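Shown here: work_8.txt, compact mmCIF, C-alpha atoms.
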```txt
# COMPACT_ATOMS: atom_id res chain seq x y z
CA MET J 1 -177.63 -88.28 111.34
CA VAL J 2 -176.47 -84.67 111.29
CA ARG J 3 -173.46 -84.06 113.51
CA TRP J 4 -173.60 -81.16 115.93
CA GLU J 5 -171.22 -78.56 114.57
CA PRO J 6 -171.16 -75.52 116.81
CA ASN J 7 -171.37 -72.27 114.84
CA ALA J 8 -170.67 -74.00 111.52
CA ARG J 9 -171.99 -70.98 109.58
CA GLY J 10 -169.77 -68.49 111.36
CA ARG J 11 -166.71 -70.75 111.03
CA LEU J 12 -167.30 -71.21 107.30
CA GLU J 13 -167.78 -67.46 106.80
CA GLU J 14 -164.57 -66.66 108.67
CA ALA J 15 -162.59 -69.39 106.85
CA ALA J 16 -163.84 -68.18 103.45
CA LEU J 17 -162.93 -64.57 104.22
CA GLU J 18 -159.41 -65.59 105.34
CA LEU J 19 -158.79 -67.68 102.25
CA TYR J 20 -160.24 -65.12 99.82
CA LEU J 21 -157.88 -62.49 101.26
CA GLU J 22 -154.85 -64.82 101.41
CA ARG J 23 -155.14 -66.60 98.06
CA GLY J 24 -157.77 -64.70 96.15
CA TYR J 25 -161.43 -65.47 95.61
CA GLU J 26 -161.04 -67.32 92.28
CA GLN J 27 -158.25 -69.56 93.55
CA THR J 28 -160.17 -70.75 96.62
CA THR J 29 -162.33 -73.87 96.47
CA VAL J 30 -165.25 -74.87 98.67
CA ALA J 31 -163.21 -77.92 99.76
CA GLU J 32 -160.47 -75.61 101.05
CA ILE J 33 -162.94 -73.42 102.91
CA ALA J 34 -164.51 -76.43 104.57
CA ALA J 35 -161.07 -77.84 105.49
CA ARG J 36 -159.95 -74.52 107.00
CA ALA J 37 -163.12 -74.46 109.10
CA GLY J 38 -162.58 -78.08 110.16
CA LEU J 39 -165.82 -79.10 108.46
CA THR J 40 -166.85 -81.09 105.40
CA GLU J 41 -167.90 -79.85 101.97
CA ARG J 42 -171.29 -81.37 102.64
CA THR J 43 -171.68 -79.14 105.66
CA PHE J 44 -170.69 -76.13 103.57
CA PHE J 45 -173.46 -76.86 101.08
CA ARG J 46 -175.98 -77.36 103.87
CA HIS J 47 -175.41 -73.72 104.78
CA PHE J 48 -174.51 -71.96 101.52
CA ALA J 49 -175.42 -72.49 97.86
CA ASP J 50 -171.95 -71.59 96.57
CA LYS J 51 -168.74 -69.79 97.38
CA ARG J 52 -170.34 -66.44 96.59
CA GLU J 53 -173.20 -66.87 99.06
CA VAL J 54 -170.85 -67.53 101.99
CA LEU J 55 -170.03 -63.80 101.87
CA PHE J 56 -173.69 -62.82 102.04
CA GLY J 57 -174.78 -64.89 105.02
CA GLY J 58 -175.65 -61.72 106.94
CA ALA J 59 -178.08 -60.36 104.34
CA ALA J 60 -181.19 -61.99 105.79
CA ALA J 61 -180.37 -60.75 109.32
CA LEU J 62 -179.76 -57.24 107.99
CA GLU J 63 -183.09 -57.33 106.17
CA ASP J 64 -184.92 -58.48 109.31
CA LEU J 65 -183.25 -55.75 111.31
CA LEU J 66 -184.17 -53.00 108.82
CA VAL J 67 -187.76 -54.19 108.48
CA ALA J 68 -188.21 -54.42 112.26
CA ALA J 69 -186.72 -50.95 112.76
CA VAL J 70 -188.98 -49.38 110.12
CA ALA J 71 -191.99 -51.11 111.69
CA GLY J 72 -190.91 -50.01 115.17
CA ALA J 73 -190.36 -46.32 114.39
CA PRO J 74 -192.72 -43.96 116.24
CA GLU J 75 -196.12 -43.56 114.60
CA THR J 76 -195.44 -39.86 114.17
CA ALA J 77 -192.21 -40.46 112.22
CA SER J 78 -192.28 -39.50 108.54
CA PRO J 79 -191.44 -42.29 106.07
CA MET J 80 -187.91 -40.98 105.65
CA GLU J 81 -187.42 -40.64 109.41
CA ALA J 82 -188.48 -44.26 109.82
CA VAL J 83 -185.98 -45.34 107.16
CA VAL J 84 -183.18 -43.24 108.63
CA SER J 85 -183.70 -44.69 112.09
CA ALA J 86 -183.55 -48.17 110.54
CA LEU J 87 -180.30 -47.33 108.71
CA VAL J 88 -178.76 -45.98 111.91
CA THR J 89 -179.72 -49.17 113.76
CA ALA J 90 -178.23 -51.30 110.97
CA GLY J 91 -175.12 -49.14 110.97
CA ALA J 92 -174.61 -49.74 114.68
CA ALA J 93 -174.79 -53.50 114.07
CA LEU J 94 -172.22 -53.20 111.25
CA GLN J 95 -169.90 -51.12 113.40
CA GLU J 96 -169.88 -53.87 116.00
CA ARG J 97 -168.71 -56.32 113.36
CA GLY J 98 -166.09 -53.72 112.42
CA PRO J 99 -162.98 -55.42 111.02
CA ALA J 100 -164.86 -58.38 109.51
CA ALA J 101 -167.20 -55.99 107.63
CA ARG J 102 -164.18 -54.11 106.25
CA ARG J 103 -162.36 -57.29 105.14
CA ARG J 104 -165.53 -58.59 103.51
CA HIS J 105 -165.97 -55.31 101.66
CA ALA J 106 -162.39 -55.49 100.35
CA VAL J 107 -163.06 -58.93 98.83
CA ILE J 108 -166.36 -57.87 97.30
CA THR J 109 -165.14 -54.68 95.65
CA ALA J 110 -162.26 -56.59 94.03
CA HIS J 111 -164.56 -58.96 92.09
CA PRO J 112 -167.23 -57.95 89.58
CA GLU J 113 -169.30 -61.09 90.18
CA LEU J 114 -169.37 -60.34 93.91
CA ARG J 115 -170.27 -56.70 93.32
CA GLU J 116 -173.17 -57.97 91.21
CA ARG J 117 -174.39 -60.21 93.99
CA GLU J 118 -174.10 -57.26 96.39
CA LEU J 119 -176.28 -55.14 94.08
CA ILE J 120 -178.92 -57.84 94.07
CA LYS J 121 -178.88 -58.04 97.86
CA LEU J 122 -179.22 -54.27 98.09
CA ALA J 123 -182.18 -54.32 95.67
CA THR J 124 -183.79 -57.00 97.83
CA LEU J 125 -183.23 -54.84 100.92
CA ALA J 126 -184.85 -51.87 99.17
CA GLU J 127 -187.90 -54.00 98.32
CA ALA J 128 -188.16 -55.22 101.92
CA VAL J 129 -187.93 -51.65 103.28
CA ALA J 130 -190.59 -50.50 100.78
CA GLY J 131 -192.82 -53.32 102.02
CA ALA J 132 -192.30 -52.25 105.64
CA LEU J 133 -193.22 -48.67 104.73
CA ARG J 134 -196.39 -49.82 102.95
CA ARG J 135 -197.38 -51.68 106.10
CA ARG J 136 -197.04 -48.34 107.91
CA GLY J 137 -199.61 -46.97 105.48
CA VAL J 138 -197.18 -45.18 103.14
CA ALA J 139 -198.54 -45.23 99.59
CA ASP J 140 -196.55 -45.89 96.42
CA PRO J 141 -194.62 -44.43 94.70
CA GLY J 142 -193.54 -42.70 97.94
CA ALA J 143 -192.76 -45.96 99.76
CA HIS J 144 -190.72 -47.28 96.85
CA LEU J 145 -188.81 -44.01 96.31
CA CYS J 146 -188.13 -43.56 100.00
CA ALA J 147 -186.76 -47.11 100.26
CA GLU J 148 -184.60 -46.74 97.13
CA ALA J 149 -183.21 -43.41 98.35
CA GLY J 150 -182.59 -44.88 101.81
CA ILE J 151 -180.68 -47.88 100.47
CA ALA J 152 -178.61 -45.64 98.17
CA VAL J 153 -177.69 -43.55 101.23
CA PHE J 154 -176.93 -46.73 103.20
CA LYS J 155 -174.59 -48.04 100.48
CA MET J 156 -172.71 -44.74 100.29
CA ALA J 157 -172.53 -44.37 104.08
CA PHE J 158 -171.10 -47.87 104.26
CA GLU J 159 -168.47 -47.08 101.63
CA GLN J 160 -167.45 -43.91 103.46
CA TRP J 161 -167.36 -45.74 106.78
CA VAL J 162 -165.21 -48.55 105.33
CA ALA J 163 -162.84 -45.97 103.85
CA GLY J 164 -162.26 -44.80 107.42
CA GLY J 165 -161.95 -41.40 108.96
CA GLY J 166 -163.55 -42.61 112.15
CA VAL J 167 -166.90 -40.90 111.57
CA ALA J 168 -169.80 -42.84 113.12
CA PHE J 169 -172.20 -44.50 110.73
CA ALA J 170 -175.17 -42.53 112.07
CA GLY J 171 -173.46 -39.23 111.26
CA LEU J 172 -172.61 -40.37 107.74
CA VAL J 173 -176.24 -41.37 107.10
CA ARG J 174 -177.55 -38.01 108.31
CA ASP J 175 -175.00 -36.02 106.29
CA LEU J 176 -175.76 -37.98 103.12
CA LEU J 177 -179.47 -37.53 103.62
CA GLY J 178 -178.88 -33.80 103.86
CA ASP J 179 -176.88 -33.93 100.63
CA LEU J 180 -179.68 -35.88 98.96
CA ARG J 181 -182.18 -33.23 100.01
CA THR J 182 -179.95 -30.55 98.55
CA VAL J 183 -179.53 -32.26 95.20
CA THR J 184 -183.17 -33.21 94.79
CA ALA J 185 -184.31 -29.71 95.75
CA GLY J 186 -181.84 -28.56 93.03
CA MET W 187 -163.88 -63.93 55.66
CA VAL W 188 -166.82 -62.38 57.53
CA ARG W 189 -170.02 -62.43 55.52
CA TRP W 190 -171.98 -59.20 55.23
CA GLU W 191 -175.07 -59.69 57.36
CA PRO W 192 -177.24 -56.59 57.29
CA ASN W 193 -178.48 -55.62 60.76
CA ALA W 194 -177.44 -58.94 62.29
CA ARG W 195 -177.68 -57.49 65.82
CA GLY W 196 -181.20 -56.20 65.37
CA ARG W 197 -182.37 -59.44 63.74
CA LEU W 198 -180.90 -61.52 66.57
CA GLU W 199 -182.50 -59.26 69.20
CA GLU W 200 -185.90 -59.49 67.53
CA ALA W 201 -185.64 -63.28 67.04
CA ALA W 202 -184.64 -63.79 70.68
CA LEU W 203 -187.53 -61.67 71.94
CA GLU W 204 -190.03 -63.58 69.77
CA LEU W 205 -188.77 -66.96 70.93
CA TYR W 206 -188.55 -65.98 74.61
CA LEU W 207 -192.19 -64.88 74.49
CA GLU W 208 -193.38 -67.89 72.43
CA ARG W 209 -191.50 -70.72 74.16
CA GLY W 210 -190.05 -69.21 77.29
CA TYR W 211 -186.56 -67.95 78.00
CA GLU W 212 -185.20 -71.18 79.52
CA GLN W 213 -186.47 -73.35 76.69
CA THR W 214 -184.87 -71.27 73.95
CA THR W 215 -181.35 -72.06 72.72
CA VAL W 216 -178.86 -69.80 70.99
CA ALA W 217 -179.03 -72.15 67.99
CA GLU W 218 -182.78 -71.54 67.71
CA ILE W 219 -182.36 -67.77 67.96
CA ALA W 220 -179.73 -67.80 65.22
CA ALA W 221 -181.90 -70.03 63.01
CA ARG W 222 -184.96 -67.78 63.46
CA ALA W 223 -182.83 -64.77 62.47
CA GLY W 224 -181.46 -66.66 59.45
CA LEU W 225 -177.95 -66.47 60.86
CA THR W 226 -175.40 -68.85 62.38
CA GLU W 227 -174.59 -69.48 66.04
CA ARG W 228 -171.12 -68.14 65.32
CA THR W 229 -172.64 -64.85 64.24
CA PHE W 230 -174.71 -64.76 67.42
CA PHE W 231 -171.57 -65.09 69.55
CA ARG W 232 -169.79 -62.42 67.53
CA HIS W 233 -172.45 -60.00 68.76
CA PHE W 234 -173.53 -61.28 72.20
CA ALA W 235 -171.79 -63.17 74.99
CA ASP W 236 -174.83 -65.29 75.85
CA LYS W 237 -178.60 -65.51 75.59
CA ARG W 238 -179.02 -63.04 78.44
CA GLU W 239 -176.95 -60.31 76.78
CA VAL W 240 -179.05 -60.35 73.61
CA LEU W 241 -181.75 -58.60 75.68
CA PHE W 242 -179.38 -55.88 76.82
CA GLY W 243 -177.92 -54.85 73.48
CA GLY W 244 -179.35 -51.35 73.93
CA ALA W 245 -177.64 -50.65 77.26
CA ALA W 246 -174.50 -49.09 75.79
CA ALA W 247 -176.53 -46.80 73.51
CA LEU W 248 -178.74 -45.76 76.45
CA GLU W 249 -175.64 -44.99 78.52
CA ASP W 250 -174.12 -42.90 75.72
CA LEU W 251 -177.39 -41.02 75.34
CA LEU W 252 -177.69 -40.25 79.07
CA VAL W 253 -174.06 -39.19 79.38
CA ALA W 254 -174.30 -36.93 76.30
CA ALA W 255 -177.53 -35.37 77.59
CA VAL W 256 -176.06 -34.65 81.05
CA ALA W 257 -172.98 -33.14 79.40
CA GLY W 258 -175.13 -31.10 77.02
CA ALA W 259 -177.48 -29.61 79.63
CA PRO W 260 -177.24 -25.79 79.93
CA GLU W 261 -174.39 -24.61 82.15
CA THR W 262 -176.92 -22.98 84.46
CA ALA W 263 -178.82 -26.26 85.05
CA SER W 264 -178.56 -27.70 88.54
CA PRO W 265 -177.21 -31.28 88.78
CA MET W 266 -180.74 -32.67 89.16
CA GLU W 267 -182.06 -30.60 86.26
CA ALA W 268 -179.26 -31.99 84.08
CA VAL W 269 -180.17 -35.53 85.11
CA VAL W 270 -183.89 -34.97 84.57
CA SER W 271 -183.32 -33.60 81.08
CA ALA W 272 -181.22 -36.69 80.32
CA LEU W 273 -183.95 -39.01 81.62
CA VAL W 274 -186.57 -37.23 79.53
CA THR W 275 -184.37 -37.59 76.41
CA ALA W 276 -183.86 -41.29 77.15
CA GLY W 277 -187.57 -41.70 77.76
CA ALA W 278 -188.37 -40.23 74.35
CA ALA W 279 -186.01 -42.76 72.75
CA LEU W 280 -187.70 -45.61 74.66
CA GLN W 281 -191.15 -44.40 73.66
CA GLU W 282 -190.12 -44.60 70.02
CA ARG W 283 -189.19 -48.25 70.52
CA GLY W 284 -192.58 -48.66 72.22
CA PRO W 285 -193.87 -52.21 71.75
CA ALA W 286 -190.40 -53.81 71.65
CA ALA W 287 -189.49 -52.14 74.96
CA ARG W 288 -192.71 -53.46 76.54
CA ARG W 289 -192.19 -57.02 75.24
CA ARG W 290 -188.60 -56.99 76.44
CA HIS W 291 -189.72 -55.81 79.88
CA ALA W 292 -192.25 -58.67 80.10
CA VAL W 293 -189.50 -61.24 79.49
CA ILE W 294 -187.12 -59.64 81.97
CA THR W 295 -189.55 -59.32 84.86
CA ALA W 296 -190.51 -62.99 84.49
CA HIS W 297 -186.95 -64.26 85.14
CA PRO W 298 -184.86 -63.61 88.25
CA GLU W 299 -181.57 -64.01 86.40
CA LEU W 300 -182.66 -61.40 83.86
CA ARG W 301 -183.84 -59.04 86.59
CA GLU W 302 -180.37 -59.38 88.13
CA ARG W 303 -178.69 -58.49 84.86
CA GLU W 304 -181.03 -55.49 84.58
CA LEU W 305 -180.01 -54.30 88.05
CA ILE W 306 -176.37 -54.49 87.07
CA LYS W 307 -177.02 -52.49 83.91
CA LEU W 308 -178.89 -49.86 85.94
CA ALA W 309 -176.00 -49.63 88.43
CA THR W 310 -173.63 -49.14 85.50
CA LEU W 311 -175.89 -46.38 84.15
CA ALA W 312 -175.88 -44.67 87.56
CA GLU W 313 -172.07 -44.76 87.63
CA ALA W 314 -171.90 -43.32 84.12
CA VAL W 315 -174.32 -40.50 85.01
CA ALA W 316 -172.33 -39.74 88.19
CA GLY W 317 -169.18 -39.51 86.04
CA ALA W 318 -170.91 -37.11 83.64
CA LEU W 319 -171.98 -34.94 86.58
CA ARG W 320 -168.44 -34.88 87.98
CA ARG W 321 -167.21 -33.69 84.59
CA ARG W 322 -169.69 -30.81 84.97
CA GLY W 323 -167.90 -29.93 88.21
CA VAL W 324 -170.41 -31.52 90.61
CA ALA W 325 -168.58 -32.81 93.68
CA ASP W 326 -169.22 -36.10 95.45
CA PRO W 327 -171.25 -37.27 97.27
CA GLY W 328 -173.70 -34.98 95.46
CA ALA W 329 -172.88 -36.37 92.00
CA HIS W 330 -173.23 -39.95 93.17
CA LEU W 331 -176.49 -39.33 95.09
CA CYS W 332 -178.01 -37.33 92.25
CA ALA W 333 -177.20 -40.11 89.77
CA GLU W 334 -178.55 -42.85 92.06
CA ALA W 335 -181.74 -40.91 92.70
CA GLY W 336 -182.10 -40.19 88.98
CA ILE W 337 -181.73 -43.83 87.97
CA ALA W 338 -184.20 -44.92 90.67
CA VAL W 339 -186.70 -42.42 89.24
CA PHE W 340 -185.94 -43.65 85.70
CA LYS W 341 -186.55 -47.28 86.67
CA MET W 342 -189.86 -46.44 88.32
CA ALA W 343 -190.96 -44.17 85.47
CA PHE W 344 -190.20 -46.98 83.05
CA GLU W 345 -192.26 -49.45 85.09
CA GLN W 346 -195.20 -47.05 85.23
CA TRP W 347 -194.89 -46.33 81.53
CA VAL W 348 -194.81 -50.05 80.66
CA ALA W 349 -197.86 -50.64 82.84
CA GLY W 350 -199.66 -48.22 80.53
CA GLY W 351 -202.11 -45.45 81.17
CA GLY W 352 -200.75 -43.50 78.24
CA VAL W 353 -198.89 -40.90 80.33
CA ALA W 354 -195.78 -39.60 78.57
CA PHE W 355 -192.45 -40.66 80.01
CA ALA W 356 -191.40 -37.05 80.65
CA GLY W 357 -194.46 -36.43 82.83
CA LEU W 358 -193.83 -39.61 84.84
CA VAL W 359 -190.22 -38.57 85.48
CA ARG W 360 -191.26 -35.12 86.68
CA ASP W 361 -194.03 -36.46 88.92
CA LEU W 362 -191.71 -39.02 90.50
CA LEU W 363 -189.06 -36.41 91.08
CA GLY W 364 -191.66 -34.32 92.89
CA ASP W 365 -192.57 -37.35 95.02
CA LEU W 366 -188.90 -37.94 95.78
CA ARG W 367 -188.54 -34.34 96.94
CA THR W 368 -191.55 -34.77 99.19
CA VAL W 369 -190.29 -37.97 100.82
CA THR W 370 -186.73 -36.75 101.31
CA ALA W 371 -187.93 -33.43 102.74
CA GLY W 372 -190.16 -35.47 105.11
```
Let me see the structure of the file written as structure tokens.
Amino acid sequence: MVRWEPNARGRLEEAALELYLERGYEQTTVAEIAARAGLTERTFFRHFADKREVLFGGAAALEDLLVAAVAGAPETASPMEAVVSALVTAGAALQERGPAARRRHAVITAHPELRERELIKLATLAEAVAGALRRRGVADPGAHLCAEAGIAVFKMAFEQWVAGGGVAFAGLVRDLLGDLRTVTAG
Amino acid sequence: MVRWEPNARGRLEEAALELYLERGYEQTTVAEIAARAGLTERTFFRHFADKREVLFGGAAALEDLLVAAVAGAPETASPMEAVVSALVTAGAALQERGPAARRRHAVITAHPELRERELIKLATLAEAVAGALRRRGVADPGAHLCAEAGIAVFKMAFEQWVAGGGVAFAGLVRDLLGDLRTVTAG
């Protein structure tokens, strides 16, 4: 029988983040994460494949959110407008998570193997966004390019937002898109 | 004493590619690759960290080539023109390697762990190109965006080129850049 463990995922994510920041990512074991969360190792592995994945538990939700926002953009929106509105929606969700998103980013940037996993998640997001654009009738290579450019903007907006300065995510996305236009028009 | 082994790297790369295509990537061991190349396992590990890396032996040369081409673009070239001329130079080098580049691509696309390594190499290339642009006096975020957009175009041009149709790499790069302009202007 599986015990009822309220918000086990969230508790494991928070415990992992705390331990990675306190002791370092390499030094932390799954057993320690589970203990900090008041759960068992078995429960950990029911939710996450390894101690990397516990940092990427939000990736599927972010993908769903982006795909839904692209799909839900007005019919008259250009492909890039649809992507930008999706990025702004995702940015608002990240801003709500605020401090946790910043702490998570600090752990990831400090470890090459975590940065690699992040790249893979971003590539997956770009593919999902391209798929959502195709379902809006956008042909390739436009759909693919628009999604890749959008995710590159998203990644940079996130880095600027994490670095602080208090600028809202939506403003960062729009500024970067303007910069992208300028360089590609080059 | 280290024995003189003419073109050990190239022989190991070719042997690995043959075996990956004949027997599959998972089924092939480093010992088998070394044997096929007429070399020892020890020699393999002097050149490559593991059986993934043997497929990415050209990444450093590609990076050097792109960085040198960005640096060598005319002073009057815009950042994107400098990147495009670098991509066209790199494309010419890939076209020369022709069949080997196509066989390598077939192995990589068939294996998620190889696709991941490819993504990491592409991200490294984008960082290197951004650095080369900064050394030309291009400020961020323009340098970063231009490099990311350029590498996205390069990746897609390469996929289209591998898929065939006989279009030259340079033409694919220029067409995709035009498409990128259209979607970002959108």
Within 8 Å of chain J: each chain W residue with its shortest pair, all atoms listed in the file, as a Markdown table:
```
| residue | atom | partner | partner_atom | distance |
| --- | --- | --- | --- | --- |
| W:Ser264 | CA | J:Gly186 | CA | 5.6 |
| W:Pro265 | CA | J:Gly186 | CA | 6.8 |
| W:Met266 | CA | J:Gly186 | CA | 5.8 |
| W:Glu267 | CA | J:Gly186 | CA | 7.1 |
| W:Glu302 | CA | J:Ile120 | CA | 6.3 |
| W:Leu305 | CA | J:Ile120 | CA | 7.1 |
| W:Ile306 | CA | J:Glu116 | CA | 6.3 |
| W:Ala309 | CA | J:Leu119 | CA | 7.9 |
| W:Pro327 | CA | J:Asp179 | CA | 7.4 |
| W:Gly328 | CA | J:Asp179 | CA | 6.2 |
| W:Leu331 | CA | J:Leu180 | CA | 6.1 |
| W:Cys332 | CA | J:Val183 | CA | 6.1 |
| W:Glu334 | CA | J:Ala152 | CA | 6.7 |
| W:Ala335 | CA | J:Ala149 | CA | 6.4 |
| W:Ala338 | CA | J:Glu148 | CA | 6.7 |
| W:Val339 | CA | J:Leu145 | CA | 7.5 |
| W:Leu362 | CA | J:Pro141 | CA | 7.4 |
| W:Leu363 | CA | J:Thr184 | CA | 7.7 |
| W:Asp365 | CA | J:Gly142 | CA | 6.2 |
| W:Leu366 | CA | J:Leu145 | CA | 6.1 |
| W:Arg367 | CA | J:Thr184 | CA | 5.9 |
| W:Val369 | CA | J:Cys146 | CA | 6.0 |
| W:Thr370 | CA | J:Arg181 | CA | 5.9 |
| W:Ala371 | CA | J:Arg181 | CA | 6.4 |
| W:Gly372 | CA | J:Ser78 | CA | 5.7 |
```
Can you write just those residues out, C-alpha atoms, as a JSON list (two decimals), keeping the file's coordinate frame?
```json
[["chain", "number", "residue", "atom", "x", "y", "z"],
["W", 264, "SER", "CA", -178.56, -27.70, 88.54],
["W", 265, "PRO", "CA", -177.21, -31.28, 88.78],
["W", 266, "MET", "CA", -180.74, -32.67, 89.16],
["W", 267, "GLU", "CA", -182.06, -30.60, 86.26],
["W", 302, "GLU", "CA", -180.37, -59.38, 88.13],
["W", 305, "LEU", "CA", -180.01, -54.30, 88.05],
["W", 306, "ILE", "CA", -176.37, -54.49, 87.07],
["W", 309, "ALA", "CA", -176.00, -49.63, 88.43],
["W", 327, "PRO", "CA", -171.25, -37.27, 97.27],
["W", 328, "GLY", "CA", -173.70, -34.98, 95.46],
["W", 331, "LEU", "CA", -176.49, -39.33, 95.09],
["W", 332, "CYS", "CA", -178.01, -37.33, 92.25],
["W", 334, "GLU", "CA", -178.55, -42.85, 92.06],
["W", 335, "ALA", "CA", -181.74, -40.91, 92.70],
["W", 338, "ALA", "CA", -184.20, -44.92, 90.67],
["W", 339, "VAL", "CA", -186.70, -42.42, 89.24],
["W", 362, "LEU", "CA", -191.71, -39.02, 90.50],
["W", 363, "LEU", "CA", -189.06, -36.41, 91.08],
["W", 365, "ASP", "CA", -192.57, -37.35, 95.02],
["W", 366, "LEU", "CA", -188.90, -37.94, 95.78],
["W", 367, "ARG", "CA", -188.54, -34.34, 96.94],
["W", 369, "VAL", "CA", -190.29, -37.97, 100.82],
["W", 370, "THR", "CA", -186.73, -36.75, 101.31],
["W", 371, "ALA", "CA", -187.93, -33.43, 102.74],
["W", 372, "GLY", "CA", -190.16, -35.47, 105.11]]
```
Point to revise | Atomic separation - atom CA of W:Arg290 relative to atom CA of W:Ser271, Å | key: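 If I compute the distance from atom CA of W:Ser271 to atom CA of W:Arg290, I get 24.4 Å.
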Check your understanding: Near J:Ile33, within 7 Å and counting only C-alpha atoms, which residues show up once chain neighbours fewer than 2 positions away are dropped, as a list in words?
Key ->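 Neighbouring residues, sequence-local ones excluded: Leu12, Ala15, Ala16, Thr29, Val30, Ala31, Ala35, Arg36 and Ala37 of chain J.
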Check your understanding: For W:Ala257, which of W:Arg321, W:Arg360, W:His291, W:Arg283 is the closest residue, counting only C-alpha atoms?
Key ->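 Under the stated criterion, the closest residue is W:Arg321.
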Review point. Mind pulling up the distance from atom CA of W:Glu212 to atom CA of W:His297?
Key: 9.1 Å
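Taking atom CA of W:Glu191 and atom CA of W:His233 as the two end points, the separation is 11.7 Å.
If you count all atoms listed in the file and draw a sphere of 9 Å around (-179.8, -44.9, 75.7), the protein and nucleic acid residues inside it come out as Gly244, Ala245, Ala246, Ala247, Leu248, Glu249, Asp250, Leu251, Leu252, Val253, Thr275, Ala276, Gly277, Ala279 and Leu280 of chain W.
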Go ahead and save the picked residues with C-alpha atoms, as a short mmCIF file (atom, residue, chain, number, x, y, z; two decimals), in the frame of the given file.
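Result file is out_38.cif:
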```cif
data_model
loop_
_atom_site.label_atom_id
_atom_site.label_comp_id
_atom_site.auth_asym_id
_atom_site.auth_seq_id
_atom_site.Cartn_x
_atom_site.Cartn_y
_atom_site.Cartn_z
CA GLY W 244 -179.35 -51.35 73.93
CA ALA W 245 -177.64 -50.65 77.26
CA ALA W 246 -174.50 -49.09 75.79
CA ALA W 247 -176.53 -46.80 73.51
CA LEU W 248 -178.74 -45.76 76.45
CA GLU W 249 -175.64 -44.99 78.52
CA ASP W 250 -174.12 -42.90 75.72
CA LEU W 251 -177.39 -41.02 75.34
CA LEU W 252 -177.69 -40.25 79.07
CA VAL W 253 -174.06 -39.19 79.38
CA THR W 275 -184.37 -37.59 76.41
CA ALA W 276 -183.86 -41.29 77.15
CA GLY W 277 -187.57 -41.70 77.76
CA ALA W 279 -186.01 -42.76 72.75
CA LEU W 280 -187.70 -45.61 74.66
#
```
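Near J:Phe45, within 12 Å and counting all atoms listed in the file, sit Ala8, Arg9, Leu12, Val30, Ala31, Ile33, Ala34, Leu39, Thr40, Glu41, Arg42, Phe48, Ala49, Asp50, Lys51, Arg52, Glu53 and Val54 of chain J; same-chain residues fewer than 3 positions away were not included.
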Practice item. Counting all atoms listed in the file, write as a VMD selection string all protein and nucleic acid residues lying at most 12 Å from (-193.0, -61.9, 67.1) in the file's frame. Key: chain W and resid 197 199 to 209 222 to 223 285 to 286 289 to 290
